[in-house]
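The next block holds one structure in the form of structure tokens; read it before the comments.
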Amino acid sequence: MQSFQYYIGLMSGTSMDGIDAVLARMAGTQWLDVCAQAFIAYPEPLKQQLLALQTPAHNELAQAAVLAQELAHLNAQAVSAVLSEARIETQAVTALGCHGQTIRHAPKQHYSIQLMDWALLAELTGITTIGDFRSRDLAAGGQGAPLVPAFHQAVFASEKYCRVVLNLGGIANISVLQPQQPAFGFDTGPANMLMDAWVQHNWQQEFDYHGTLASKGQIIEPLLQAMLSHSYFSQPYPKSTGRDLFSFAWLNQYLTGQENPADVLRTLLELTAQTVVNAIINAAPATHSVYVCGGGSQNRLLMQTMAQLLEKYRITLHRTDTLQLPAQQVEAAAFAWLAACWYQRQPVATHHATGAAGARILGCGYWA
């Protein structure tokens with residue numbers, strides 16, 4: 001008898017670049033490894049339509065329903081791609097966990113909307129599908145985010161040292177993993193989101209590859225200090241955020257229009273680096289090492305800037321690859337693990353990060 005089960009994790013973050021998929025092996029809810037990964041990019045028209053749903057608009061309910069179906073078809077393609085890569089049949093997969101695409105996140109109003117037609121995804125794949133992971137945490141009084149610290153603890157925790165796992169997606173979030181302590185974490189602020197928006201606006205590129213464009217600019221200190229003074233950065237945790245706050249409009253209110261674009265980009269990179277490091281030092285001063293995942297881990301200038309800031313505190317910076325889980329696989333892997341927890345009826349202790357009343361079984365399922 002097989003001593004492990006296959007689960008698929010599907011994730012698209014606030015960067016809205018596409019869908020990361022992994023095929024993972026687990027024994028119950030015990031993490032084993034990733035067997036295969038795949039990525040399906042969002043077509044540009046879909047991305048623009050999803051971005052439009054960030055703000056109120058005419059006929060948005062019908063638009064959201066249609067886009068949820070389109071997202072289900074794309075996620076089904078990601079499932080096919082990762083199964084093909086692993087040469088595994090659909091019937092071998094116990095379940096899949098699909099996060100959906102966040103279009104609104106308003107924890108103060110007790111809601112967070114992840115767009116996805118999970119029932120259609122179950123029909124298209126023939127695999128038991130689990131989604132809507134945030135709602136139960138919100139119902140229990142939590143922020144609904146971040147959900148990943150419990151997974152990070154299961155996979156990355158050390159018995160000896162305090163570690164921080166830093167995810168650099170559209171938003172940056174940290175998970176604090178202290179020996180023999182429950183994991184906690186929170187969103188520190190923007191990571192790639194503002195930088196990507198600025199690059200797309202000024203250079204018509206998707207993102208700043210390796211930080212090359214930012215490296216040509218200089219930090220605009222008054223702009224940096226003005227953005228750093230925003231109340232979110234000093235707000236106590238639990239806290240979470242997204243495009244609802246850190247939007248292109250939020251950035252524009254600080255600009256005169258006379259700035260050099262490369263200087264603004266370099267300043268945005270510094271904003272990400274400083275808010276991340278400040279959050280780590282304030283929340284976990286005993287941190288020994290930081291392990292980075294997400295798309296921002298590919299930005300060499302951002303990684304160098306954070307490493308220099310952390311060096312002052314004798315904290316080392318690494319990618320999660322050094323802990324045997326590549327940086328680009330971590331978020332999707334988390335939703336494979338959350339799917340296993342739902343399937344095994346295992347409550348997940350997200351409440352230490354989100355402020356919910358306690359551990360809950362997260363997600364809603366559609367049986368194959």
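Lettering and numbering for the structure tokens are positional, with chains as A, B, ... in the shown order, residues counted from 1 in each chain, and ligands counted from 1 in the shown order.
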Checklist entry - Using only C-alpha atoms, which residues sit within 10 Å of region 254-261 of chain A once same-chain residues fewer than 4 positions away are excluded, as a PyMOL selection string? => result chain A and resi 198-199+201-203+213-214+216-218+220+222-224+226-227+249-250+265-267
Checklist entry - Any idea what's packed within 12 Å of Leu269 (chain A), counting only C-alpha atoms, ignoring anything in its chain fewer than 5 positions away? Could you give it as a PyMOL selection string? => result chain A and resi 168+172+189-196+198-199+208+210-215+217-220+224+227+262-264+274-276+296+299-306
Checklist entry - Please, which residues of region 126-326 of chain A, numbered as in this document, come out strand (DSSP E) from DSSP, as number ranges by chain? => result A: 129-131, 163-168, 171-177, 184-190, 289-293, 316-319
Next on the checklist: So that I can see what lies close to region 32-34 of chain A, please list as a PyMOL selection string the residues with an atom at most 7 Å from it, counting only C-alpha atoms and leaving out residues fewer than 3 positions away in the same chain.
Outcome noted: chain A and resi 22-26
Which neighbours of Thr354 (chain A) fall inside 10 Å, counting only C-alpha atoms, when residues of the same chain fewer than 4 positions from it are skipped, and could you give them as a PDB file with N, CA, C and O atoms, in the first residue's frame?
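That gives us out_18.pdb:
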ATOM      1  N   PRO A 107     -10.308  43.188   5.634  1.00  0.00           N
ATOM      2  CA  PRO A 107     -10.505  42.500   6.916  1.00  0.00           C
ATOM      3  C   PRO A 107     -11.259  43.319   7.951  1.00  0.00           C
ATOM      4  O   PRO A 107     -11.947  42.755   8.810  1.00  0.00           O
ATOM      5  N   ASP A 137     -11.601  31.604   8.643  1.00  0.00           N
ATOM      6  CA  ASP A 137     -10.759  32.395   9.535  1.00  0.00           C
ATOM      7  C   ASP A 137     -11.392  33.760   9.781  1.00  0.00           C
ATOM      8  O   ASP A 137     -11.440  34.247  10.919  1.00  0.00           O
ATOM      9  N   LEU A 138     -11.920  34.390   8.738  1.00  0.00           N
ATOM     10  CA  LEU A 138     -12.603  35.680   8.885  1.00  0.00           C
ATOM     11  C   LEU A 138     -13.834  35.542   9.773  1.00  0.00           C
ATOM     12  O   LEU A 138     -14.082  36.396  10.633  1.00  0.00           O
ATOM     13  N   ALA A 140     -14.235  33.557  12.140  1.00  0.00           N
ATOM     14  CA  ALA A 140     -13.788  33.362  13.521  1.00  0.00           C
ATOM     15  C   ALA A 140     -13.089  34.602  14.084  1.00  0.00           C
ATOM     16  O   ALA A 140     -12.421  34.527  15.112  1.00  0.00           O
ATOM     17  N   GLY A 141     -13.237  35.722  13.379  1.00  0.00           N
ATOM     18  CA  GLY A 141     -12.692  36.979  13.887  1.00  0.00           C
ATOM     19  C   GLY A 141     -11.292  37.303  13.424  1.00  0.00           C
ATOM     20  O   GLY A 141     -10.683  38.260  13.917  1.00  0.00           O
ATOM     21  N   GLY A 142     -10.755  36.510  12.470  1.00  0.00           N
ATOM     22  CA  GLY A 142      -9.400  36.745  11.996  1.00  0.00           C
ATOM     23  C   GLY A 142      -9.353  37.673  10.794  1.00  0.00           C
ATOM     24  O   GLY A 142     -10.385  38.090  10.271  1.00  0.00           O
ATOM     25  N   GLN A 143      -8.120  37.970  10.354  1.00  0.00           N
ATOM     26  CA  GLN A 143      -7.912  38.816   9.185  1.00  0.00           C
ATOM     27  C   GLN A 143      -8.086  38.042   7.879  1.00  0.00           C
ATOM     28  O   GLN A 143      -8.148  38.643   6.813  1.00  0.00           O
ATOM     29  N   GLY A 144      -8.090  36.706   7.970  1.00  0.00           N
ATOM     30  CA  GLY A 144      -8.147  35.896   6.754  1.00  0.00           C
ATOM     31  C   GLY A 144      -6.804  35.787   6.059  1.00  0.00           C
ATOM     32  O   GLY A 144      -6.672  35.114   5.045  1.00  0.00           O
ATOM     33  N   ALA A 145      -5.784  36.433   6.611  1.00  0.00           N
ATOM     34  CA  ALA A 145      -4.436  36.431   6.029  1.00  0.00           C
ATOM     35  C   ALA A 145      -3.447  36.904   7.094  1.00  0.00           C
ATOM     36  O   ALA A 145      -3.833  37.662   7.994  1.00  0.00           O
ATOM     37  N   PRO A 146      -2.187  36.464   7.011  1.00  0.00           N
ATOM     38  CA  PRO A 146      -1.699  35.436   6.089  1.00  0.00           C
ATOM     39  C   PRO A 146      -2.027  34.033   6.607  1.00  0.00           C
ATOM     40  O   PRO A 146      -2.063  33.805   7.822  1.00  0.00           O
ATOM     41  N   LEU A 147      -2.252  33.113   5.681  1.00  0.00           N
ATOM     42  CA  LEU A 147      -2.579  31.733   6.042  1.00  0.00           C
ATOM     43  C   LEU A 147      -1.361  30.823   6.081  1.00  0.00           C
ATOM     44  O   LEU A 147      -1.436  29.708   6.582  1.00  0.00           O
ATOM     45  N   PRO A 149       1.811  30.956   7.610  1.00  0.00           N
ATOM     46  CA  PRO A 149       2.766  30.682   8.688  1.00  0.00           C
ATOM     47  C   PRO A 149       2.703  29.259   9.248  1.00  0.00           C
ATOM     48  O   PRO A 149       3.743  28.669   9.577  1.00  0.00           O
ATOM     49  N   PHE A 184       3.705  32.776  13.954  1.00  0.00           N
ATOM     50  CA  PHE A 184       2.833  33.918  13.691  1.00  0.00           C
ATOM     51  C   PHE A 184       3.430  34.724  12.546  1.00  0.00           C
ATOM     52  O   PHE A 184       4.570  34.497  12.141  1.00  0.00           O
ATOM     53  N   GLY A 185       2.659  35.636  12.023  1.00  0.00           N
ATOM     54  CA  GLY A 185       3.162  36.438  10.908  1.00  0.00           C
ATOM     55  C   GLY A 185       2.162  37.490  10.509  1.00  0.00           C
ATOM     56  O   GLY A 185       1.055  37.571  11.050  1.00  0.00           O
ATOM     57  N   PHE A 186       2.540  38.318   9.520  1.00  0.00           N
ATOM     58  CA  PHE A 186       1.669  39.388   9.058  1.00  0.00           C
ATOM     59  C   PHE A 186       2.232  39.966   7.762  1.00  0.00           C
ATOM     60  O   PHE A 186       3.377  39.704   7.390  1.00  0.00           O
ATOM     61  N   TYR A 237       0.381  44.146  14.743  1.00  0.00           N
ATOM     62  CA  TYR A 237      -0.198  42.966  14.114  1.00  0.00           C
ATOM     63  C   TYR A 237      -1.102  42.275  15.129  1.00  0.00           C
ATOM     64  O   TYR A 237      -0.958  42.513  16.330  1.00  0.00           O
ATOM     65  N   PRO A 238      -2.068  41.456  14.695  1.00  0.00           N
ATOM     66  CA  PRO A 238      -2.250  40.947  13.324  1.00  0.00           C
ATOM     67  C   PRO A 238      -2.738  42.031  12.359  1.00  0.00           C
ATOM     68  O   PRO A 238      -3.553  42.877  12.722  1.00  0.00           O
ATOM     69  N   LYS A 239      -2.196  41.971  11.155  1.00  0.00           N
ATOM     70  CA  LYS A 239      -2.606  42.909  10.112  1.00  0.00           C
ATOM     71  C   LYS A 239      -2.330  42.297   8.746  1.00  0.00           C
ATOM     72  O   LYS A 239      -1.431  41.472   8.590  1.00  0.00           O
ATOM     73  N   SER A 240      -3.117  42.704   7.774  1.00  0.00           N
ATOM     74  CA  SER A 240      -2.945  42.245   6.400  1.00  0.00           C
ATOM     75  C   SER A 240      -3.408  43.354   5.473  1.00  0.00           C
ATOM     76  O   SER A 240      -4.200  44.214   5.856  1.00  0.00           O
ATOM     77  N   ALA A 349      -3.712  26.050  12.586  1.00  0.00           N
ATOM     78  CA  ALA A 349      -3.508  27.093  13.599  1.00  0.00           C
ATOM     79  C   ALA A 349      -3.063  28.407  12.948  1.00  0.00           C
ATOM     80  O   ALA A 349      -1.967  28.900  13.183  1.00  0.00           O
ATOM     81  N   THR A 350      -3.957  28.976  12.130  1.00  0.00           N
ATOM     82  CA  THR A 350      -3.659  30.277  11.530  1.00  0.00           C
ATOM     83  C   THR A 350      -3.901  31.427  12.507  1.00  0.00           C
ATOM     84  O   THR A 350      -3.457  32.553  12.263  1.00  0.00           O
ATOM     85  N   GLY A 358      -9.406  30.828  17.122  1.00  0.00           N
ATOM     86  CA  GLY A 358      -8.707  29.569  17.342  1.00  0.00           C
ATOM     87  C   GLY A 358      -8.452  28.865  16.025  1.00  0.00           C
ATOM     88  O   GLY A 358      -8.776  29.378  14.949  1.00  0.00           O
TER      89      GLY A 358
END
Checklist outcome for this item: From the list A:Ala286, A:Val164, A:Asp187, A:Thr90, the nearest residue to Ala122 (chain A) using only C-alpha atoms is A:Thr90
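Among the candidates A:Pro43, A:Gly97, A:Pro56, A:Gly242, the residue lying nearest to Leu71 (chain A) is A:Pro43 (atoms considered: only C-alpha atoms).
Here the question is which of A:Met11, A:Ala78, A:Ala339, A:Ala357 gets nearest to Gly294 (chain A) using only C-alpha atoms, and that residue is A:Met11.
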Next on the checklist: I need the residues in region 94-330 of chain A that are helix (DSSP H, G or I) according to DSSP; give them as number ranges by chain.
Outcome noted: A: 107-109, 118-125, 135-139, 149-156, 193-203, 209-211, 214-216, 221-228, 231-234, 248-252, 261-283, 295-298, 300-311, 320-323, 330
